[in-house]
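Student: So here's structure-v9.cif (mmCIF, C-alpha atoms).
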data_input
loop_
_atom_site.label_atom_id
_atom_site.label_comp_id
_atom_site.auth_asym_id
_atom_site.auth_seq_id
_atom_site.Cartn_x
_atom_site.Cartn_y
_atom_site.Cartn_z
CA MET A 1 0.00 0.00 0.00
CA LEU A 2 2.83 2.39 0.91
CA GLU A 3 4.61 1.46 -2.32
CA LEU A 4 1.47 2.28 -4.34
CA PHE A 5 1.14 5.58 -2.47
CA GLN A 6 4.73 6.54 -3.30
CA LYS A 7 4.26 5.55 -6.96
CA GLY A 8 1.24 7.85 -7.19
CA GLY A 9 3.43 10.94 -7.01
CA PRO A 10 3.14 14.19 -5.03
CA LEU A 11 -0.63 14.61 -5.57
CA MET A 12 -1.28 11.58 -3.38
CA TYR A 13 -0.60 13.79 -0.34
CA PRO A 14 -3.47 16.26 -0.93
CA ILE A 15 -5.75 13.32 -1.81
CA LEU A 16 -4.79 11.68 1.51
CA LEU A 17 -5.45 14.97 3.30
CA CYS A 18 -8.91 15.16 1.70
CA SER A 19 -9.73 11.64 2.93
CA ILE A 20 -8.60 12.45 6.51
CA MET A 21 -10.60 15.70 6.56
CA ALA A 22 -13.70 13.96 5.16
CA LEU A 23 -13.57 11.25 7.84
CA ALA A 24 -12.99 13.82 10.61
CA ILE A 25 -15.97 15.91 9.45
CA PHE A 26 -18.20 12.83 9.17
CA PHE A 27 -17.49 11.62 12.73
CA GLU A 28 -17.72 15.14 14.19
CA ARG A 29 -21.12 15.75 12.56
CA LEU A 30 -22.33 12.26 13.50
CA TRP A 31 -21.47 12.93 17.16
CA THR A 32 -23.11 16.39 17.00
CA PHE A 33 -26.32 14.98 15.48
CA PHE A 34 -26.39 12.24 18.12
CA ARG A 35 -26.08 14.79 20.94
CA VAL A 36 -28.75 17.06 19.43
CA GLY A 37 -31.21 14.20 18.92
CA ARG A 38 -30.66 12.59 22.33
CA GLY A 39 -33.61 13.08 24.68
CA ARG A 40 -35.63 15.02 22.08
CA ASP A 41 -38.85 13.02 22.40
CA GLU A 42 -38.77 13.06 26.21
CA LEU A 43 -38.28 16.85 26.24
CA VAL A 44 -41.18 17.44 23.84
CA ARG A 45 -43.46 15.11 25.78
CA GLU A 46 -42.65 16.75 29.14
CA VAL A 47 -43.05 20.31 27.84
CA GLU A 48 -46.34 19.55 26.07
CA GLN A 49 -47.78 17.88 29.18
CA LEU A 50 -46.90 20.91 31.32
CA VAL A 51 -48.29 23.38 28.74
CA SER A 52 -51.54 21.44 28.40
CA LYS A 53 -51.94 21.79 32.20
CA GLY A 54 -51.18 25.52 32.03
CA ARG A 55 -47.85 25.18 33.89
CA ILE A 56 -45.87 27.43 31.55
CA ASP A 57 -43.24 28.46 34.13
CA GLU A 58 -42.36 24.84 34.84
CA ALA A 59 -42.10 24.14 31.10
CA ILE A 60 -39.68 27.09 30.79
CA VAL A 61 -37.52 25.62 33.57
CA VAL A 62 -37.46 22.24 31.78
CA CYS A 63 -36.25 23.92 28.56
CA GLN A 64 -33.61 25.96 30.40
CA ARG A 65 -32.32 22.76 31.99
CA THR A 66 -31.67 21.20 28.55
CA ASP A 67 -28.99 22.55 26.21
CA SER A 68 -30.11 21.75 22.66
CA PRO A 69 -31.38 23.61 19.59
CA LEU A 70 -34.91 22.24 20.12
CA SER A 71 -35.02 23.32 23.78
CA ARG A 72 -34.03 26.87 22.77
CA ILE A 73 -36.77 26.94 20.09
CA LEU A 74 -39.39 25.66 22.56
CA LEU A 75 -38.15 28.17 25.15
CA ALA A 76 -38.66 31.04 22.69
CA ALA A 77 -42.21 29.82 22.03
CA LEU A 78 -42.96 29.56 25.75
CA ARG A 79 -41.63 33.05 26.43
CA ALA A 80 -43.93 34.38 23.69
CA HIS A 81 -46.93 32.84 25.48
CA GLY A 82 -49.85 35.25 25.59
CA ARG A 83 -49.28 36.62 22.10
CA SER A 84 -51.30 35.57 19.05
CA ARG A 85 -50.57 32.29 17.30
CA ASP A 86 -49.03 34.07 14.29
CA GLN A 87 -46.70 36.08 16.52
CA ILE A 88 -45.55 32.96 18.39
CA LYS A 89 -45.04 31.15 15.08
CA THR A 90 -42.92 34.04 13.74
CA VAL A 91 -40.71 33.94 16.85
CA VAL A 92 -40.32 30.16 16.54
CA GLU A 93 -39.39 30.38 12.85
CA GLU A 94 -36.76 33.07 13.52
CA VAL A 95 -35.16 31.13 16.37
CA GLY A 96 -35.48 27.87 14.40
CA SER A 97 -33.58 29.20 11.39
CA ARG A 98 -30.88 30.56 13.73
CA GLU A 99 -30.57 27.23 15.56
CA ALA A 100 -30.54 25.13 12.36
CA ALA A 101 -27.62 27.05 10.82
CA PRO A 102 -24.86 25.62 13.10
CA LEU A 103 -26.08 22.08 12.34
CA GLU A 104 -25.05 22.60 8.70
CA ARG A 105 -21.48 23.38 9.77
CA PHE A 106 -18.76 21.65 7.68
CA LEU A 107 -21.30 20.00 5.33
CA GLY A 108 -20.38 22.47 2.59
CA LEU A 109 -16.70 21.64 3.11
CA LEU A 110 -17.48 17.92 2.92
CA GLY A 111 -19.22 18.47 -0.42
CA THR A 112 -16.21 20.46 -1.64
CA LEU A 113 -13.83 17.64 -0.65
CA ALA A 114 -15.99 15.21 -2.65
CA THR A 115 -15.65 17.50 -5.67
CA ILE A 116 -11.93 18.23 -5.29
CA SER A 117 -10.72 14.63 -4.79
CA PRO A 118 -11.45 13.33 -8.33
CA LEU A 119 -10.10 16.59 -9.78
CA LEU A 120 -6.83 16.04 -7.92
CA GLY A 121 -6.80 12.50 -9.30
CA LEU A 122 -7.39 13.88 -12.80
CA LEU A 123 -4.55 16.37 -12.35
CA GLY A 124 -2.31 13.48 -11.30
CA THR A 125 -3.36 11.63 -14.46
CA VAL A 126 -2.41 14.61 -16.62
CA LEU A 127 0.95 15.03 -14.87
CA GLY A 128 1.66 11.29 -15.19
CA MET A 129 0.87 11.33 -18.91
CA ILE A 130 3.03 14.43 -19.39
CA ARG A 131 5.86 12.56 -17.70
CA ALA A 132 5.34 9.54 -19.97
CA PHE A 133 5.28 11.68 -23.14
CA THR A 134 8.35 13.60 -21.98
CA VAL A 135 10.22 10.27 -21.88
CA ILE A 136 9.04 9.53 -25.44
CA ALA A 137 10.11 13.02 -26.61
CA THR A 138 13.59 12.81 -25.09
CA ALA A 139 14.44 9.14 -25.55
CA GLY A 140 12.40 8.15 -28.58
CA MET A 141 9.88 5.43 -27.79
CA GLY A 142 11.66 4.50 -24.59
CA THR A 143 11.21 1.21 -22.81
CA PRO A 144 8.19 -0.18 -20.97
CA GLU A 145 10.07 0.46 -17.71
CA THR A 146 10.63 4.17 -18.41
CA LEU A 147 7.09 4.73 -19.70
CA GLY A 148 5.53 2.66 -16.95
CA GLY A 149 6.43 5.15 -14.20
CA GLY A 150 4.42 7.99 -15.71
CA ILE A 151 1.47 5.81 -16.73
CA SER A 152 1.25 4.07 -13.33
CA GLU A 153 1.38 7.48 -11.60
CA ALA A 154 -1.50 8.61 -13.81
CA LEU A 155 -3.64 5.55 -13.03
CA ILE A 156 -2.88 5.43 -9.30
CA THR A 157 -3.81 9.08 -8.67
CA THR A 158 -7.05 8.68 -10.64
CA ALA A 159 -7.98 5.58 -8.62
CA ALA A 160 -7.04 7.28 -5.35
CA GLY A 161 -9.07 10.40 -6.18
CA LEU A 162 -12.15 8.36 -7.04
CA SER A 163 -11.66 6.12 -3.98
CA VAL A 164 -11.89 9.21 -1.77
CA ALA A 165 -14.63 11.00 -3.74
CA ILE A 166 -17.18 8.16 -3.94
CA PRO A 167 -17.42 7.42 -0.18
CA THR A 168 -17.28 11.15 0.61
CA ILE A 169 -20.30 11.80 -1.64
CA LEU A 170 -22.19 8.99 0.13
CA LEU A 171 -21.23 10.35 3.58
CA HIS A 172 -22.33 13.85 2.54
CA LYS A 173 -25.70 12.56 1.30
CA TYR A 174 -26.20 10.57 4.51
CA LEU A 175 -25.42 13.55 6.76
CA THR A 176 -27.61 15.85 4.68
CA SER A 177 -30.57 13.45 4.94
CA ARG A 178 -29.99 13.13 8.72
CA LEU A 179 -29.93 16.92 9.03
CA ASP A 180 -33.13 17.31 6.99
CA TYR A 181 -34.88 14.74 9.19
CA MET A 182 -33.72 16.48 12.39
CA VAL A 183 -34.85 19.91 11.18
CA LEU A 184 -38.22 18.43 10.14
CA LYS A 185 -38.72 16.86 13.60
CA MET A 186 -37.80 20.17 15.29
CA GLU A 187 -40.30 22.02 13.08
CA GLU A 188 -43.05 19.50 13.85
CA SER A 189 -42.43 19.67 17.60
CA SER A 190 -42.22 23.46 17.73
CA LEU A 191 -45.32 24.00 15.58
CA HIS A 192 -47.29 21.57 17.74
CA LEU A 193 -46.28 23.63 20.79
CA VAL A 194 -47.30 26.81 18.92
CA ASP A 195 -50.75 25.27 18.39
CA LEU A 196 -51.01 24.46 22.11
CA LEU A 197 -49.94 27.97 23.15
CA GLY A 198 -52.04 29.71 20.53
CA ASP A 199 -55.31 28.10 21.59
#
Could the structure of this file be written out as structure tokens, please?

Tutor:
Amino acid sequence: MLELFQKGGPLMYPILLCSIMALAIFFERLWTFFRVGRGRDELVREVEQLVSKGRIDEAIVVCQRTDSPLSRILLAALRAHGRSRDQIKTVVEEVGSREAAPLERFLGLLGTLATISPLLGLLGTVLGMIRAFTVIATAGMGTPETLGGGISEALITTAAGLSVAIPTILLHKYLTSRLDYMVLKMEESSLHLVDLLGD
């Protein structure tokens, strides 16, 4: 494996860096999404039960006790209690969009890494072919051994770039779908609370 890496030429290093960064972003976002989603249903259930009994102050304390985007959205709705439904909904939407933004952190970079990796592989292919044709230009047809270095460099970098890009695209799609699901659940929970408060 190390021998293949060395044969791939200097562009193998940025491709390796892309793969490390993609993995780091994936695990960081996975951990963040796990923390944000943990205890969500219990929080919603407890807050809704207290609101349905008219115990708004206790529901506020429950939200303050929990540090999550959803708890901050629900807290904003509870603090707007007494206003009209449309006013509460506007407050919830504003806080919701503000709380959803940090959840998208690094996803753009992950998508960029998925785009860059095959391009780096393609650049390695071009450089490898240039090297092979330089041998032909300077030494005539050359030998299979002299041509092989440039051609193998070209093929290895292409394979490496694609090997990083394909899983990174899949990881990006997975994280994006997880994020969309989380945002949808937060919207459902907050709008249900808006309906309870706006009655």

Student: Can you work out the spacing between CA of Ser189 (chain A) and CA of Val44 (chain A) in Å, to one decimal?

Tutor: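 About the pair CA of Ser189 (chain A) and CA of Val44 (chain A): they are 6.7 Å apart.
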
Student: Assuming the chain letters and numbering stay as they are in my file, what does the PyMOL selection byres ((chain A and resi 113) around 9) actually select? List them as a list in words.

Tutor: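 Evaluating the PyMOL selection byres ((chain A and resi 113) around 9) on this file yields Cys18, Ser19, Met21, Ala22, Gly108, Leu109, Leu110, Gly111, Thr112, Ala114, Thr115, Ile116, Ser117, Val164, Ala165, Thr168 and Ile169 of chain A.
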
Student: For C-alpha atoms, I'd like the residues from the last selection saved as an mmCIF file, keeping the file's coordinate frame.

Tutor:
data_model
loop_
_atom_site.group_PDB
_atom_site.id
_atom_site.type_symbol
_atom_site.label_atom_id
_atom_site.label_comp_id
_atom_site.auth_asym_id
_atom_site.auth_seq_id
_atom_site.Cartn_x
_atom_site.Cartn_y
_atom_site.Cartn_z
ATOM 1 C CA CYS A 18 -8.910 15.160 1.700
ATOM 2 C CA SER A 19 -9.730 11.640 2.930
ATOM 3 C CA MET A 21 -10.600 15.700 6.560
ATOM 4 C CA ALA A 22 -13.700 13.960 5.160
ATOM 5 C CA GLY A 108 -20.380 22.470 2.590
ATOM 6 C CA LEU A 109 -16.700 21.640 3.110
ATOM 7 C CA LEU A 110 -17.480 17.920 2.920
ATOM 8 C CA GLY A 111 -19.220 18.470 -0.420
ATOM 9 C CA THR A 112 -16.210 20.460 -1.640
ATOM 10 C CA ALA A 114 -15.990 15.210 -2.650
ATOM 11 C CA THR A 115 -15.650 17.500 -5.670
ATOM 12 C CA ILE A 116 -11.930 18.230 -5.290
ATOM 13 C CA SER A 117 -10.720 14.630 -4.790
ATOM 14 C CA VAL A 164 -11.890 9.210 -1.770
ATOM 15 C CA ALA A 165 -14.630 11.000 -3.740
ATOM 16 C CA THR A 168 -17.280 11.150 0.610
ATOM 17 C CA ILE A 169 -20.300 11.800 -1.640
#

Student: Check what the PyMOL selection byres ((chain A and resi 127-129) around 8) selects in the file above and give those residues as a PyMOL selection string.

Tutor: chain A and resi 123-126+130-133+149-154

Student: If you keep C-alpha atoms, can you produce a file of those selected residues as a PDB file, keeping the file's coordinate frame?

Tutor:
ATOM      1  CA  LEU A 123      -4.550  16.370 -12.350  1.00  0.00           C
ATOM      2  CA  GLY A 124      -2.310  13.480 -11.300  1.00  0.00           C
ATOM      3  CA  THR A 125      -3.360  11.630 -14.460  1.00  0.00           C
ATOM      4  CA  VAL A 126      -2.410  14.610 -16.620  1.00  0.00           C
ATOM      5  CA  ILE A 130       3.030  14.430 -19.390  1.00  0.00           C
ATOM      6  CA  ARG A 131       5.860  12.560 -17.700  1.00  0.00           C
ATOM      7  CA  ALA A 132       5.340   9.540 -19.970  1.00  0.00           C
ATOM      8  CA  PHE A 133       5.280  11.680 -23.140  1.00  0.00           C
ATOM      9  CA  GLY A 149       6.430   5.150 -14.200  1.00  0.00           C
ATOM     10  CA  GLY A 150       4.420   7.990 -15.710  1.00  0.00           C
ATOM     11  CA  ILE A 151       1.470   5.810 -16.730  1.00  0.00           C
ATOM     12  CA  SER A 152       1.250   4.070 -13.330  1.00  0.00           C
ATOM     13  CA  GLU A 153       1.380   7.480 -11.600  1.00  0.00           C
ATOM     14  CA  ALA A 154      -1.500   8.610 -13.810  1.00  0.00           C
TER      15      ALA A 154
END

Student: Given the PyMOL selection byres ((chain A and resi 73) around 10) and the file above, list the residues it selects as a list of chain:residue names.

Tutor: A:Cys63, A:Ser68, A:Pro69, A:Leu70, A:Ser71, A:Arg72, A:Leu74, A:Leu75, A:Ala76, A:Ala77, A:Leu78, A:Val91, A:Val92, A:Glu93, A:Glu94, A:Val95, A:Gly96, A:Ser97, A:Arg98, A:Glu99, A:Met186, A:Glu187, A:Ser189, A:Ser190

Student: Measure the distance from CA of His172 (chain A) to CA of Leu107 (chain A) in Å and round it to one decimal.

Tutor: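 If I compute the distance from CA of His172 (chain A) to CA of Leu107 (chain A), I get 6.8 Å.
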
Student: Of the candidates A:Glu48, A:Glu104, A:Glu3, A:Asp180, which one gets nearest to Thr32 (chain A) if we count only C-alpha atoms?

Tutor: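 Among the listed residues, the smallest separation from Thr32 (chain A) belongs to A:Glu104.
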
Student: For a test of reading the model, state the distance in Å between CA of Ile156 (chain A) and CA of Gln6 (chain A), rounded to one decimal.

Tutor: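 Distance between the two atoms: 9.8 Å.
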
Student: Using only C-alpha atoms, which residue out of A:Ile88, A:Ala100, A:Leu11, A:Ile60 lies closest to Tyr181 (chain A)?

Tutor: A:Ala100

Student: Name the residues in contact with Leu175 (chain A) at a cut-off of 9 Å, using all atoms listed in the file, excluding same-chain residues fewer than 4 positions from it; report them as a PyMOL selection string.

Tutor: chain A and resi 26+29-30+33+107+170-171+179-180

Student: Determine, counting all atoms listed in the file, which protein, DNA and RNA residues have an atom within 12 Å of an atom of Gln49 (chain A); residues of the same chain fewer than 2 positions away are not included. Present the result as a list in words.

Tutor: Glu42, Leu43, Val44, Arg45, Glu46, Val47, Val51, Ser52, Lys53, Gly54, Arg55, Ile56, Glu58, Ala59, Val62, Leu193, Leu196 and Leu197 of chain A

Student: Give me the residues within 8 Å of Met12 (chain A) as a PyMOL selection string, counting all atoms listed in the file and dropping any in the same chain fewer than 4 places off.

Tutor: chain A and resi 5-6+8+16+157+160
